[in-house]
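Text of entry.pdb, listed as PDB, C-alpha atoms:
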```pdb
ATOM      1  CA  MET A  25       1.898  16.288  -6.608
ATOM      2  CA  ALA A  26       0.212  19.135  -8.521
ATOM      3  CA  LEU A  27      -2.305  21.197  -6.567
ATOM      4  CA  ALA A  28      -4.988  20.299  -9.119
ATOM      5  CA  HIS A  29      -4.671  16.668  -8.050
ATOM      6  CA  ARG A  30      -5.705  17.659  -4.497
ATOM      7  CA  VAL A  31      -9.135  18.745  -5.725
ATOM      8  CA  LEU A  32     -12.109  16.490  -6.458
ATOM      9  CA  ASN A  33     -15.772  16.831  -7.261
ATOM     10  CA  ILE A  34     -18.433  14.325  -6.234
ATOM     11  CA  ARG A  35     -21.736  14.810  -8.008
ATOM     12  CA  ARG A  36     -24.712  12.943  -9.378
ATOM     13  CA  ASP A  37     -24.393  12.867 -13.157
ATOM     14  CA  PRO A  38     -27.474  14.558 -14.684
ATOM     15  CA  ASP A  39     -27.551  12.178 -17.651
ATOM     16  CA  SER A  40     -26.862   8.752 -16.151
ATOM     17  CA  GLY A  41     -28.041   9.465 -12.596
ATOM     18  CA  GLU A  42     -24.833   7.845 -11.274
ATOM     19  CA  VAL A  43     -22.876   9.334  -8.379
ATOM     20  CA  LEU A  44     -19.432  10.066  -9.842
ATOM     21  CA  ALA A  45     -16.159  11.299  -8.358
ATOM     22  CA  HIS A  46     -13.703  13.075 -10.661
ATOM     23  CA  GLY A  47     -10.180  14.267  -9.954
ATOM     24  CA  GLY A  48      -7.724  13.460  -7.201
ATOM     25  CA  ASP A  49      -4.437  11.601  -6.959
ATOM     26  CA  PRO A  50      -3.757   7.912  -6.128
ATOM     27  CA  GLU A  51      -4.227   8.548  -2.394
ATOM     28  CA  ALA A  52      -7.651  10.077  -3.031
ATOM     29  CA  HIS A  53      -8.558   7.187  -5.305
ATOM     30  CA  SER A  54      -7.631   4.758  -2.540
ATOM     31  CA  VAL A  55      -9.893   6.627  -0.096
ATOM     32  CA  LEU A  56     -12.751   6.504  -2.601
ATOM     33  CA  GLU A  57     -12.320   2.792  -3.212
ATOM     34  CA  ARG A  58     -12.219   2.077   0.527
ATOM     35  CA  THR A  59     -15.505   3.943   0.820
ATOM     36  CA  GLY A  60     -17.166   1.722  -1.773
ATOM     37  CA  PHE A  61     -16.529   3.538  -5.057
ATOM     38  CA  VAL A  62     -15.592   1.584  -8.182
ATOM     39  CA  PRO A  63     -12.797   2.855 -10.497
ATOM     40  CA  VAL A  64     -13.669   3.446 -14.142
ATOM     41  CA  VAL A  65     -10.675   3.582 -16.488
ATOM     42  CA  ARG A  66     -11.283   5.225 -19.852
ATOM     43  CA  ARG A  67      -8.817   6.010 -22.592
ATOM     44  CA  HIS A  68      -8.449   9.651 -21.606
ATOM     45  CA  GLU A  69      -9.537   9.693 -17.968
ATOM     46  CA  THR A  70     -10.053   7.736 -14.806
ATOM     47  CA  TYR A  71     -12.940   8.446 -12.475
ATOM     48  CA  HIS A  72     -14.953   6.616  -9.813
ATOM     49  CA  ARG A  73     -18.612   5.682  -9.464
ATOM     50  CA  LEU A  74     -20.752   4.136  -6.775
ATOM     51  CA  PRO A  75     -21.757   0.491  -7.279
ATOM     52  CA  ALA A  76     -24.845  -0.277  -9.323
ATOM     53  CA  ASN A  77     -28.257  -1.000  -7.788
ATOM     54  CA  LEU A  78     -27.850   0.997  -4.567
ATOM     55  CA  ASP A  79     -30.872   2.823  -3.242
ATOM     56  CA  GLN A  80     -30.669   6.597  -2.981
ATOM     57  CA  ASP A  81     -30.196   6.671   0.797
ATOM     58  CA  GLU A  82     -27.186   4.346   0.540
ATOM     59  CA  GLU A  83     -25.712   6.430  -2.279
ATOM     60  CA  ILE A  84     -26.011   9.563  -0.153
ATOM     61  CA  ARG A  85     -24.474   7.789   2.846
ATOM     62  CA  LEU A  86     -21.444   6.551   0.913
ATOM     63  CA  ALA A  87     -20.888   9.797  -0.999
ATOM     64  CA  THR A  88     -21.135  11.814   2.222
ATOM     65  CA  ARG A  89     -18.672   9.481   3.933
ATOM     66  CA  ALA A  90     -16.254   9.884   1.017
ATOM     67  CA  VAL A  91     -16.468  13.668   1.366
ATOM     68  CA  SER A  92     -15.814  13.375   5.109
ATOM     69  CA  ARG A  93     -12.804  11.107   4.652
ATOM     70  CA  LEU A  94     -11.267  13.182   1.854
ATOM     71  CA  GLN A  95     -11.673  16.408   3.832
ATOM     72  CA  ALA A  96      -9.895  14.767   6.755
ATOM     73  CA  VAL A  97      -6.713  14.363   4.695
ATOM     74  CA  GLY A  98      -6.774  17.818   3.167
ATOM     75  CA  TYR A  99      -8.449  17.466  -0.217
ATOM     76  CA  GLY A 100     -10.462  20.301  -1.688
ATOM     77  CA  LEU A 101     -13.949  19.192  -2.656
ATOM     78  CA  THR A 102     -16.944  20.373  -4.565
ATOM     79  CA  ALA A 103     -19.960  18.175  -3.974
ATOM     80  CA  ASP A 104     -23.704  18.118  -4.397
ATOM     81  CA  THR A 105     -25.563  19.638  -1.466
ATOM     82  CA  ALA A 106     -26.866  16.188  -0.529
ATOM     83  CA  PHE A 107     -23.286  14.978   0.051
ATOM     84  CA  ALA A 108     -21.904  18.028   1.857
ATOM     85  CA  THR A 109     -20.749  17.589   5.451
ATOM     86  CA  GLU A 110     -18.614  19.420   7.971
ATOM     87  CA  GLN A 111     -17.379  16.155   9.453
ATOM     88  CA  HIS A 112     -13.800  14.951   9.045
ATOM     89  CA  GLU A 113     -13.602  11.208   9.548
ATOM     90  CA  PRO A 114     -10.199  10.178  10.996
ATOM     91  CA  HIS A 115      -7.776   8.665   8.494
ATOM     92  CA  TYR A 116      -5.988   5.537   9.720
ATOM     93  CA  LEU A 117      -2.882   3.885   8.351
ATOM     94  CA  THR A 118      -3.988   1.222   5.880
ATOM     95  CA  LEU A 119      -2.697  -2.330   5.765
ATOM     96  CA  GLY A 120      -1.160  -1.558   2.369
ATOM     97  CA  ALA A 121       0.769   1.366   3.841
ATOM     98  CA  GLN A 122       2.090  -0.858   6.609
ATOM     99  CA  VAL A 123       3.289  -3.393   4.042
ATOM    100  CA  ALA A 124       4.874  -0.626   1.976
ATOM    101  CA  TYR A 125       6.792   0.468   5.082
ATOM    102  CA  LEU A 126       8.729  -2.793   4.813
ATOM    103  CA  ALA A 127      10.197  -1.428   1.580
ATOM    104  CA  THR A 128      11.337   1.669   3.493
ATOM    105  CA  ARG A 129      13.023  -0.543   6.066
ATOM    106  CA  ILE A 130      14.812  -2.462   3.305
ATOM    107  CA  ARG A 131      15.908   0.719   1.508
ATOM    108  CA  GLU A 132      17.425   2.010   4.740
ATOM    109  CA  ALA A 133      18.899  -1.305   5.884
ATOM    110  CA  GLU A 134      22.648  -1.471   6.473
ATOM    111  CA  THR A 135      22.983  -5.211   7.119
ATOM    112  CA  THR A 136      21.660  -8.469   5.756
ATOM    113  CA  GLU A 137      20.045  -9.164   9.132
ATOM    114  CA  GLU A 138      17.889  -6.049   8.842
ATOM    115  CA  VAL A 139      16.649  -7.038   5.385
ATOM    116  CA  ALA A 140      16.041 -10.614   6.520
ATOM    117  CA  ASP A 141      13.955  -9.311   9.426
ATOM    118  CA  ALA A 142      11.810  -7.227   7.085
ATOM    119  CA  LEU A 143      11.367 -10.088   4.620
ATOM    120  CA  THR A 144      10.338 -12.399   7.463
ATOM    121  CA  GLU A 145       7.138 -10.369   7.767
ATOM    122  CA  VAL A 146       6.436 -11.252   4.129
ATOM    123  CA  THR A 147       7.408 -14.924   4.104
ATOM    124  CA  ALA A 148       6.766 -16.223   7.654
ATOM    125  CA  THR A 149       5.156 -19.636   7.300
ATOM    126  CA  HIS A 150       2.257 -19.207   9.701
ATOM    127  CA  ASP A 151       1.308 -15.534   9.545
ATOM    128  CA  GLY A 152       3.437 -13.836   6.877
ATOM    129  CA  ILE A 153       1.954 -11.537   4.236
ATOM    130  CA  LEU A 154       2.281 -14.011   1.362
ATOM    131  CA  PRO A 155       0.642 -16.933   3.222
ATOM    132  CA  ALA A 156      -2.135 -14.538   4.237
ATOM    133  CA  LEU A 157      -2.569 -13.502   0.608
ATOM    134  CA  ALA A 158      -2.899 -17.171  -0.319
ATOM    135  CA  GLU A 159      -5.695 -17.425   2.252
ATOM    136  CA  VAL A 160      -7.436 -14.422   0.691
ATOM    137  CA  LEU A 161      -7.263 -15.973  -2.781
ATOM    138  CA  ALA A 162      -8.560 -19.310  -1.491
ATOM    139  CA  ALA A 163     -11.429 -17.668   0.398
ATOM    140  CA  THR A 164     -12.422 -15.609  -2.645
ATOM    141  CA  ALA A 165     -12.294 -18.679  -4.889
ATOM    142  CA  ASP A 166     -14.485 -20.580  -2.430
ATOM    143  CA  PHE A 167     -16.998 -17.721  -2.360
ATOM    144  CA  LEU A 168     -17.200 -17.550  -6.154
ATOM    145  CA  GLN A 169     -17.414 -21.288  -6.741
ATOM    146  CA  ASP A 170     -21.177 -21.589  -6.176
ATOM    147  CA  LEU A 171     -22.248 -17.973  -6.528
ATOM    148  CA  GLY A 172     -24.448 -18.789  -9.501
ATOM    149  CA  HIS A 173     -23.003 -17.011 -12.549
ATOM    150  CA  PRO A 174     -21.750 -19.351 -15.318
ATOM    151  CA  ALA A 175     -18.310 -17.727 -15.269
ATOM    152  CA  ASP A 176     -17.890 -17.931 -11.485
ATOM    153  CA  PRO A 177     -16.400 -21.459 -11.298
ATOM    154  CA  HIS A 178     -13.844 -20.537 -13.977
ATOM    155  CA  THR A 179     -12.863 -17.387 -12.088
ATOM    156  CA  ALA A 180     -12.581 -19.407  -8.884
ATOM    157  CA  ALA A 181     -10.319 -21.945 -10.593
ATOM    158  CA  ARG A 182      -8.117 -19.142 -11.957
ATOM    159  CA  LEU A 183      -7.711 -17.614  -8.507
ATOM    160  CA  GLN A 184      -6.788 -21.003  -7.089
ATOM    161  CA  ARG A 185      -4.154 -21.452  -9.816
ATOM    162  CA  LEU A 186      -2.732 -18.038  -8.971
ATOM    163  CA  SER A 187      -2.350 -19.155  -5.375
ATOM    164  CA  ASP A 188      -1.015 -22.636  -6.163
ATOM    165  CA  GLU A 189       1.404 -21.609  -8.933
ATOM    166  CA  GLN A 190       2.439 -17.955  -9.238
ATOM    167  CA  LEU A 191       2.089 -17.025  -5.585
ATOM    168  CA  GLN A 192       3.752 -20.229  -4.429
ATOM    169  CA  SER A 193       6.668 -19.536  -6.768
ATOM    170  CA  ILE A 194       7.056 -15.996  -5.418
ATOM    171  CA  THR A 195       6.881 -17.275  -1.843
ATOM    172  CA  SER A 196       9.503 -19.954  -2.497
ATOM    173  CA  ASP A 197      11.926 -17.602  -4.237
ATOM    174  CA  LEU A 198      11.590 -14.798  -1.698
ATOM    175  CA  SER A 199      11.955 -17.246   1.203
ATOM    176  CA  GLN A 200      15.249 -18.463  -0.283
ATOM    177  CA  VAL A 201      16.450 -14.870  -0.547
ATOM    178  CA  ARG A 202      15.425 -14.188   3.043
ATOM    179  CA  ASN A 203      17.131 -17.314   4.369
ATOM    180  CA  GLY A 204      20.297 -16.632   2.400
ATOM    181  CA  LEU A 205      20.535 -13.101   3.786
ATOM    182  CA  ALA A 206      19.948 -14.371   7.320
ATOM    183  CA  ASP A 207      22.916 -16.727   6.952
ATOM    184  CA  ARG A 208      25.288 -14.138   5.483
ATOM    185  CA  GLN A 209      25.284 -11.752   8.461
ATOM    186  CA  ALA A 210      27.098  -9.046   6.542
ATOM    187  CA  ALA A 211      27.043  -5.283   6.305
ATOM    188  CA  HIS A 212      26.199  -3.706   2.974
ATOM    189  CA  PRO A 213      29.467  -2.210   1.643
ATOM    190  CA  HIS A 214      27.787   0.954   0.345
ATOM    191  CA  ARG A 215      25.386   1.566   3.230
ATOM    192  CA  THR A 216      27.465   1.104   6.366
ATOM    193  CA  PRO A 217      28.409   4.584   7.629
ATOM    194  CA  CYS A 218      32.145   5.277   7.616
ATOM    195  CA  PRO A 219      33.516   6.251  11.074
ATOM    196  CA  GLN A 220      35.813   8.794   9.344
ATOM    197  CA  GLU A 221      38.681   7.454  11.427
ATOM    198  CA  VAL A 222      42.276   6.634  10.528
ATOM    199  CA  ALA A 223      43.497   3.086  11.168
ATOM    200  CA  GLY A 224      45.130   2.642  14.567
ATOM    201  CA  ASP A 225      48.382   1.372  13.050
ATOM    202  CA  GLU A 226      48.791   4.403  10.763
ATOM    203  CA  ARG A 227      52.161   6.057  11.520
ATOM    204  CA  GLU A 228      51.730   9.306   9.601
ATOM    205  CA  LYS A 229      50.082  11.992  11.699
ATOM    206  CA  SER A 230      48.829  13.764   8.565
ATOM    207  CA  ALA A 231      46.912  10.729   7.337
ATOM    208  CA  SER A 232      43.140  11.072   6.873
ATOM    209  CA  CYS A 233      40.360   8.629   6.142
ATOM    210  CA  PRO A 234      40.297   7.875   2.396
ATOM    211  CA  CYS A 235      36.543   7.188   2.286
ATOM    212  CA  PRO A 236      34.437   9.712   0.395
ATOM    213  CA  ALA A 237      32.051  11.799   2.428
ATOM    214  CA  PRO A 238      28.590  10.266   2.872
ATOM    215  CA  THR A 239      26.067  11.306   0.230
ATOM    216  CA  GLY A 240      22.733  11.245   1.961
ATOM    217  CA  ILE A 241      22.846   7.556   2.956
ATOM    218  CA  PRO A 242      20.668   7.169   6.043
ATOM    219  CA  SER A 243      22.398   5.848   9.126
ATOM    220  CA  THR A 244      19.349   5.403  11.319
ATOM    221  CA  SER A 245      16.062   3.711  10.749
ATOM    222  CA  ALA A 246      12.874   5.729  10.469
ATOM    223  CA  PRO A 247      10.400   5.310  13.334
ATOM    224  CA  LEU A 248       7.715   2.712  12.850
ATOM    225  CA  PRO A 249       4.460   4.287  11.640
ATOM    226  CA  PRO A 250       1.539   4.208  14.064
ATOM    227  CA  ALA A 251      -0.589   1.072  14.046
ATOM    228  CA  PRO A 252      -4.133   1.425  12.688
ATOM    229  CA  SER A 253      -6.991   1.607  15.119
ATOM    230  CA  GLY A 254     -10.615   0.889  14.529
ATOM    231  CA  ARG A 255     -12.146  -0.772  11.519
ATOM    232  CA  ARG A 256     -12.370   0.725   8.059
ATOM    233  CA  ARG A 257     -14.320  -0.398   5.083
TER     234      ARG A 257
END
```

Could you quickly redo this structure as structure tokens?
Amino acid sequence: MALAHRVLNIRRDPDSGEVLAHGGDPEAHSVLERTGFVPVVRRHETYHRLPANLDQDEEIRLATRAVSRLQAVGYGLTADTAFATEQHEPHYLTLGAQVAYLATRIREAETTEEVADALTEVTATHDGILPALAEVLAATADFLQDLGHPADPHTAARLQRLSDEQLQSITSDLSQVRNGLADRQAAHPHRTPCPQEVAGDEREKSASCPCPAPTGIPSTSAPLPPAPSGRRR
């Protein structure tokens, strides 16, 4: 990532009066959004702003917290004096990062059992990621249903359809893949490390293993990332 993407500025815009954050990479944008900022996507730029209708004390609190969190993970910042702080709020592993780690496990897997184990975390009937996502959609739809805006019931119905149709289809298909891999109990032919040994019944003393040398294929799994602690907004 370019060094310029590790630098942000958080200032109150002199024209609109909004607190805006410019610059940064996707990780920085994620930190901003978890601190309450809203992304604004324009044709030639993307920046972040604080939500509308906050009082000034709340704006200062959120902007200062964003500065603290971004400093904790090594970003360079220029900020209005009102937002400056020497604090570095600890950065915890997000739920999204934990889910993404499943992809790392699958990329490094050598057997169908290993992939099936990773996919189980996604598809498990009671507490898998996809069933939990269905719960999130249902809860959001329920919240919107009687919120009061004319469009809210339509949005709620759309979210419910996403859960009942698209998400259910994804869950069904991925569960079939997971179950099929669990039954196969096979090693991946291009990921299993070669022992570089000659067959025991080989008579020629000069014989050598015909397999090509490994080309960076991992043979061990990466350690599990640390679990998050504490609560984050």

Give me the result of the PyMOL selection byres ((chain A and resi 181) around 12) on this file, residue by residue, as an mmCIF file with C-alpha atoms, in the coordinates of the input.
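Output saved as out-v4.cif:
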```
data_model
loop_
_atom_site.group_PDB
_atom_site.id
_atom_site.type_symbol
_atom_site.label_atom_id
_atom_site.label_comp_id
_atom_site.auth_asym_id
_atom_site.auth_seq_id
_atom_site.Cartn_x
_atom_site.Cartn_y
_atom_site.Cartn_z
ATOM 1 C CA LEU A 161 -7.263 -15.973 -2.781
ATOM 2 C CA ALA A 162 -8.560 -19.310 -1.491
ATOM 3 C CA ALA A 163 -11.429 -17.668 0.398
ATOM 4 C CA THR A 164 -12.422 -15.609 -2.645
ATOM 5 C CA ALA A 165 -12.294 -18.679 -4.889
ATOM 6 C CA ASP A 166 -14.485 -20.580 -2.430
ATOM 7 C CA PHE A 167 -16.998 -17.721 -2.360
ATOM 8 C CA LEU A 168 -17.200 -17.550 -6.154
ATOM 9 C CA GLN A 169 -17.414 -21.288 -6.741
ATOM 10 C CA ASP A 170 -21.177 -21.589 -6.176
ATOM 11 C CA ALA A 175 -18.310 -17.727 -15.269
ATOM 12 C CA ASP A 176 -17.890 -17.931 -11.485
ATOM 13 C CA PRO A 177 -16.400 -21.459 -11.298
ATOM 14 C CA HIS A 178 -13.844 -20.537 -13.977
ATOM 15 C CA THR A 179 -12.863 -17.387 -12.088
ATOM 16 C CA ALA A 180 -12.581 -19.407 -8.884
ATOM 17 C CA ARG A 182 -8.117 -19.142 -11.957
ATOM 18 C CA LEU A 183 -7.711 -17.614 -8.507
ATOM 19 C CA GLN A 184 -6.788 -21.003 -7.089
ATOM 20 C CA ARG A 185 -4.154 -21.452 -9.816
ATOM 21 C CA LEU A 186 -2.732 -18.038 -8.971
ATOM 22 C CA SER A 187 -2.350 -19.155 -5.375
ATOM 23 C CA ASP A 188 -1.015 -22.636 -6.163
ATOM 24 C CA GLU A 189 1.404 -21.609 -8.933
#
```

Between atom CA of Tyr99 of chain A and atom CA of Gly47 of chain A, what is the distance in Å, rounded to a tenth?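 The value is 10.4 Å.
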
Taking the file above as input, evaluate the PyMOL selection byres ((chain A and resi 109) around 8) and report the hits as a PyMOL selection string. chain A and resi 88+91-92+107-108+110-111

If you keep C-alpha atoms, can you produce a file of those selected residues as a JSON list (two decimals), in the frame of the given file?
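Final output, saved to result30.json:
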```json
[["chain", "number", "residue", "atom", "x", "y", "z"],
["A", 88, "THR", "CA", -21.14, 11.81, 2.22],
["A", 91, "VAL", "CA", -16.47, 13.67, 1.37],
["A", 92, "SER", "CA", -15.81, 13.38, 5.11],
["A", 107, "PHE", "CA", -23.29, 14.98, 0.05],
["A", 108, "ALA", "CA", -21.90, 18.03, 1.86],
["A", 110, "GLU", "CA", -18.61, 19.42, 7.97],
["A", 111, "GLN", "CA", -17.38, 16.16, 9.45]]
```

Return as CSV the residues of segment 96-168 of chain A lying at most 12 Å from segment 58-73 of chain A, together with the closest atom-to-atom pair for each and the distance in Å to one decimal, counting all atoms listed in the file, with rows in chain order and ascending residue number.
```
residue,atom,partner,partner_atom,distance
A:Glu113,CA,A:Thr59,CA,11.5
A:His115,CA,A:Arg58,CA,11.3
A:Tyr116,CA,A:Arg58,CA,11.6
A:Thr118,CA,A:Arg58,CA,9.9
A:Leu119,CA,A:Arg58,CA,11.7
A:Gly120,CA,A:Arg58,CA,11.8
```

Written selection (C-alpha atoms) as a PDB file, in the frame of the given file:
```pdb
ATOM      1  CA  GLU A 113     -13.602  11.208   9.548  1.00  0.00           C
ATOM      2  CA  HIS A 115      -7.776   8.665   8.494  1.00  0.00           C
ATOM      3  CA  TYR A 116      -5.988   5.537   9.720  1.00  0.00           C
ATOM      4  CA  THR A 118      -3.988   1.222   5.880  1.00  0.00           C
ATOM      5  CA  LEU A 119      -2.697  -2.330   5.765  1.00  0.00           C
ATOM      6  CA  GLY A 120      -1.160  -1.558   2.369  1.00  0.00           C
TER       7      GLY A 120
END
```

Result set of the PyMOL selection byres ((chain A and resi 153) around 12) on the coordinates above, as a list in words: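 Written out, the selection comes to Leu119, Gly120, Gln122, Val123, Ala124, Leu126, Ala142, Leu143, Thr144, Glu145, Val146, Thr147, Ala148, Thr149, His150, Asp151, Gly152, Leu154, Pro155, Ala156, Leu157, Ala158, Glu159, Val160, Leu191, Ile194, Thr195, Leu198 and Ser199 of chain A.
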
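The space between atom CA of Ala87 of chain A and atom CA of Gly41 of chain A spans 13.6 Å.
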
Separating atom CA of Arg89 of chain A from atom CA of Asp39 of chain A, to the nearest tenth of an Å, is a gap of 23.5 Å

Report task. Between A:Val201, A:Ala76, A:His212, A:Ala52, single out the one closest to Ser40 of chain A, counting all atoms listed in the file. Result ->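 Nearest to Ser40 of chain A: A:Ala76.
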
Could you check which residues have any atom within 7 Å of (-7.1, 15.4, 7.6), counting all atoms listed in the file with coordinates taken straight from the file, and then list them as a PDB file with C-alpha atoms, in the frame of the given file?
```pdb
ATOM      1  CA  GLN A  95     -11.673  16.408   3.832  1.00  0.00           C
ATOM      2  CA  ALA A  96      -9.895  14.767   6.755  1.00  0.00           C
ATOM      3  CA  VAL A  97      -6.713  14.363   4.695  1.00  0.00           C
ATOM      4  CA  GLY A  98      -6.774  17.818   3.167  1.00  0.00           C
ATOM      5  CA  HIS A 112     -13.800  14.951   9.045  1.00  0.00           C
ATOM      6  CA  PRO A 114     -10.199  10.178  10.996  1.00  0.00           C
ATOM      7  CA  HIS A 115      -7.776   8.665   8.494  1.00  0.00           C
TER       8      HIS A 115
END
```

Complete segment 101-127 of chain A with N, CA and C atoms (output as an mmCIF file, keeping the file's coordinate frame).
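Below is the file result08.cif, written as the result:
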```
data_model
loop_
_atom_site.group_PDB
_atom_site.id
_atom_site.type_symbol
_atom_site.label_atom_id
_atom_site.label_comp_id
_atom_site.auth_asym_id
_atom_site.auth_seq_id
_atom_site.Cartn_x
_atom_site.Cartn_y
_atom_site.Cartn_z
ATOM 1 N N LEU A 101 -12.826 19.912 -2.077
ATOM 2 C CA LEU A 101 -13.949 19.192 -2.656
ATOM 3 C C LEU A 101 -15.053 20.135 -3.077
ATOM 4 N N THR A 102 -15.654 19.814 -4.208
ATOM 5 C CA THR A 102 -16.944 20.373 -4.565
ATOM 6 C C THR A 102 -17.887 19.190 -4.668
ATOM 7 N N ALA A 103 -19.048 19.306 -4.036
ATOM 8 C CA ALA A 103 -19.960 18.175 -3.974
ATOM 9 C C ALA A 103 -21.395 18.665 -4.007
ATOM 10 N N ASP A 104 -22.283 17.803 -4.452
ATOM 11 C CA ASP A 104 -23.704 18.118 -4.397
ATOM 12 C C ASP A 104 -24.101 18.413 -2.953
ATOM 13 N N THR A 105 -25.106 19.259 -2.805
ATOM 14 C CA THR A 105 -25.563 19.638 -1.466
ATOM 15 C C THR A 105 -25.908 18.412 -0.620
ATOM 16 N N ALA A 106 -26.452 17.392 -1.263
ATOM 17 C CA ALA A 106 -26.866 16.188 -0.529
ATOM 18 C C ALA A 106 -25.679 15.463 0.085
ATOM 19 N N PHE A 107 -24.475 15.694 -0.432
ATOM 20 C CA PHE A 107 -23.286 14.978 0.051
ATOM 21 C C PHE A 107 -22.419 15.841 0.962
ATOM 22 N N ALA A 108 -22.750 17.111 1.093
ATOM 23 C CA ALA A 108 -21.904 18.028 1.857
ATOM 24 C C ALA A 108 -21.970 17.697 3.347
ATOM 25 N N THR A 109 -20.825 17.837 4.009
ATOM 26 C CA THR A 109 -20.749 17.589 5.451
ATOM 27 C C THR A 109 -19.578 18.361 6.021
ATOM 28 N N GLU A 110 -19.715 18.747 7.272
ATOM 29 C CA GLU A 110 -18.614 19.420 7.971
ATOM 30 C C GLU A 110 -17.737 18.416 8.710
ATOM 31 N N GLN A 111 -18.127 17.159 8.714
ATOM 32 C CA GLN A 111 -17.379 16.155 9.453
ATOM 33 C C GLN A 111 -16.076 15.816 8.744
ATOM 34 N N HIS A 112 -15.091 15.412 9.552
ATOM 35 C CA HIS A 112 -13.800 14.951 9.045
ATOM 36 C C HIS A 112 -13.516 13.594 9.686
ATOM 37 N N GLU A 113 -13.807 12.542 8.980
ATOM 38 C CA GLU A 113 -13.602 11.208 9.548
ATOM 39 C C GLU A 113 -12.109 10.910 9.659
ATOM 40 N N PRO A 114 -11.641 10.442 10.819
ATOM 41 C CA PRO A 114 -10.199 10.178 10.996
ATOM 42 C C PRO A 114 -9.669 9.221 9.936
ATOM 43 N N HIS A 115 -8.425 9.484 9.526
ATOM 44 C CA HIS A 115 -7.776 8.665 8.494
ATOM 45 C C HIS A 115 -6.732 7.781 9.158
ATOM 46 N N TYR A 116 -6.903 6.477 9.080
ATOM 47 C CA TYR A 116 -5.988 5.537 9.720
ATOM 48 C C TYR A 116 -5.014 4.946 8.702
ATOM 49 N N LEU A 117 -3.879 4.527 9.199
ATOM 50 C CA LEU A 117 -2.882 3.885 8.351
ATOM 51 C C LEU A 117 -3.446 2.576 7.804
ATOM 52 N N THR A 118 -3.420 2.413 6.500
ATOM 53 C CA THR A 118 -3.988 1.222 5.880
ATOM 54 C C THR A 118 -3.020 0.049 5.978
ATOM 55 N N LEU A 119 -3.557 -1.150 5.773
ATOM 56 C CA LEU A 119 -2.697 -2.330 5.765
ATOM 57 C C LEU A 119 -1.667 -2.224 4.640
ATOM 58 N N GLY A 120 -2.091 -1.706 3.486
ATOM 59 C CA GLY A 120 -1.160 -1.558 2.369
ATOM 60 C C GLY A 120 -0.001 -0.636 2.714
ATOM 61 N N ALA A 121 -0.290 0.439 3.445
ATOM 62 C CA ALA A 121 0.769 1.366 3.841
ATOM 63 C C ALA A 121 1.734 0.708 4.814
ATOM 64 N N GLN A 122 1.214 -0.148 5.688
ATOM 65 C CA GLN A 122 2.090 -0.858 6.609
ATOM 66 C C GLN A 122 3.014 -1.827 5.864
ATOM 67 N N VAL A 123 2.461 -2.493 4.848
ATOM 68 C CA VAL A 123 3.289 -3.393 4.042
ATOM 69 C C VAL A 123 4.341 -2.593 3.284
ATOM 70 N N ALA A 124 3.928 -1.454 2.721
ATOM 71 C CA ALA A 124 4.874 -0.626 1.976
ATOM 72 C C ALA A 124 6.005 -0.125 2.865
ATOM 73 N N TYR A 125 5.744 0.022 4.169
ATOM 74 C CA TYR A 125 6.792 0.468 5.082
ATOM 75 C C TYR A 125 7.948 -0.531 5.153
ATOM 76 N N LEU A 126 7.647 -1.809 4.859
ATOM 77 C CA LEU A 126 8.729 -2.793 4.813
ATOM 78 C C LEU A 126 9.750 -2.425 3.740
ATOM 79 N N ALA A 127 9.275 -1.869 2.628
ATOM 80 C CA ALA A 127 10.197 -1.428 1.580
ATOM 81 C C ALA A 127 11.090 -0.302 2.088
#
```
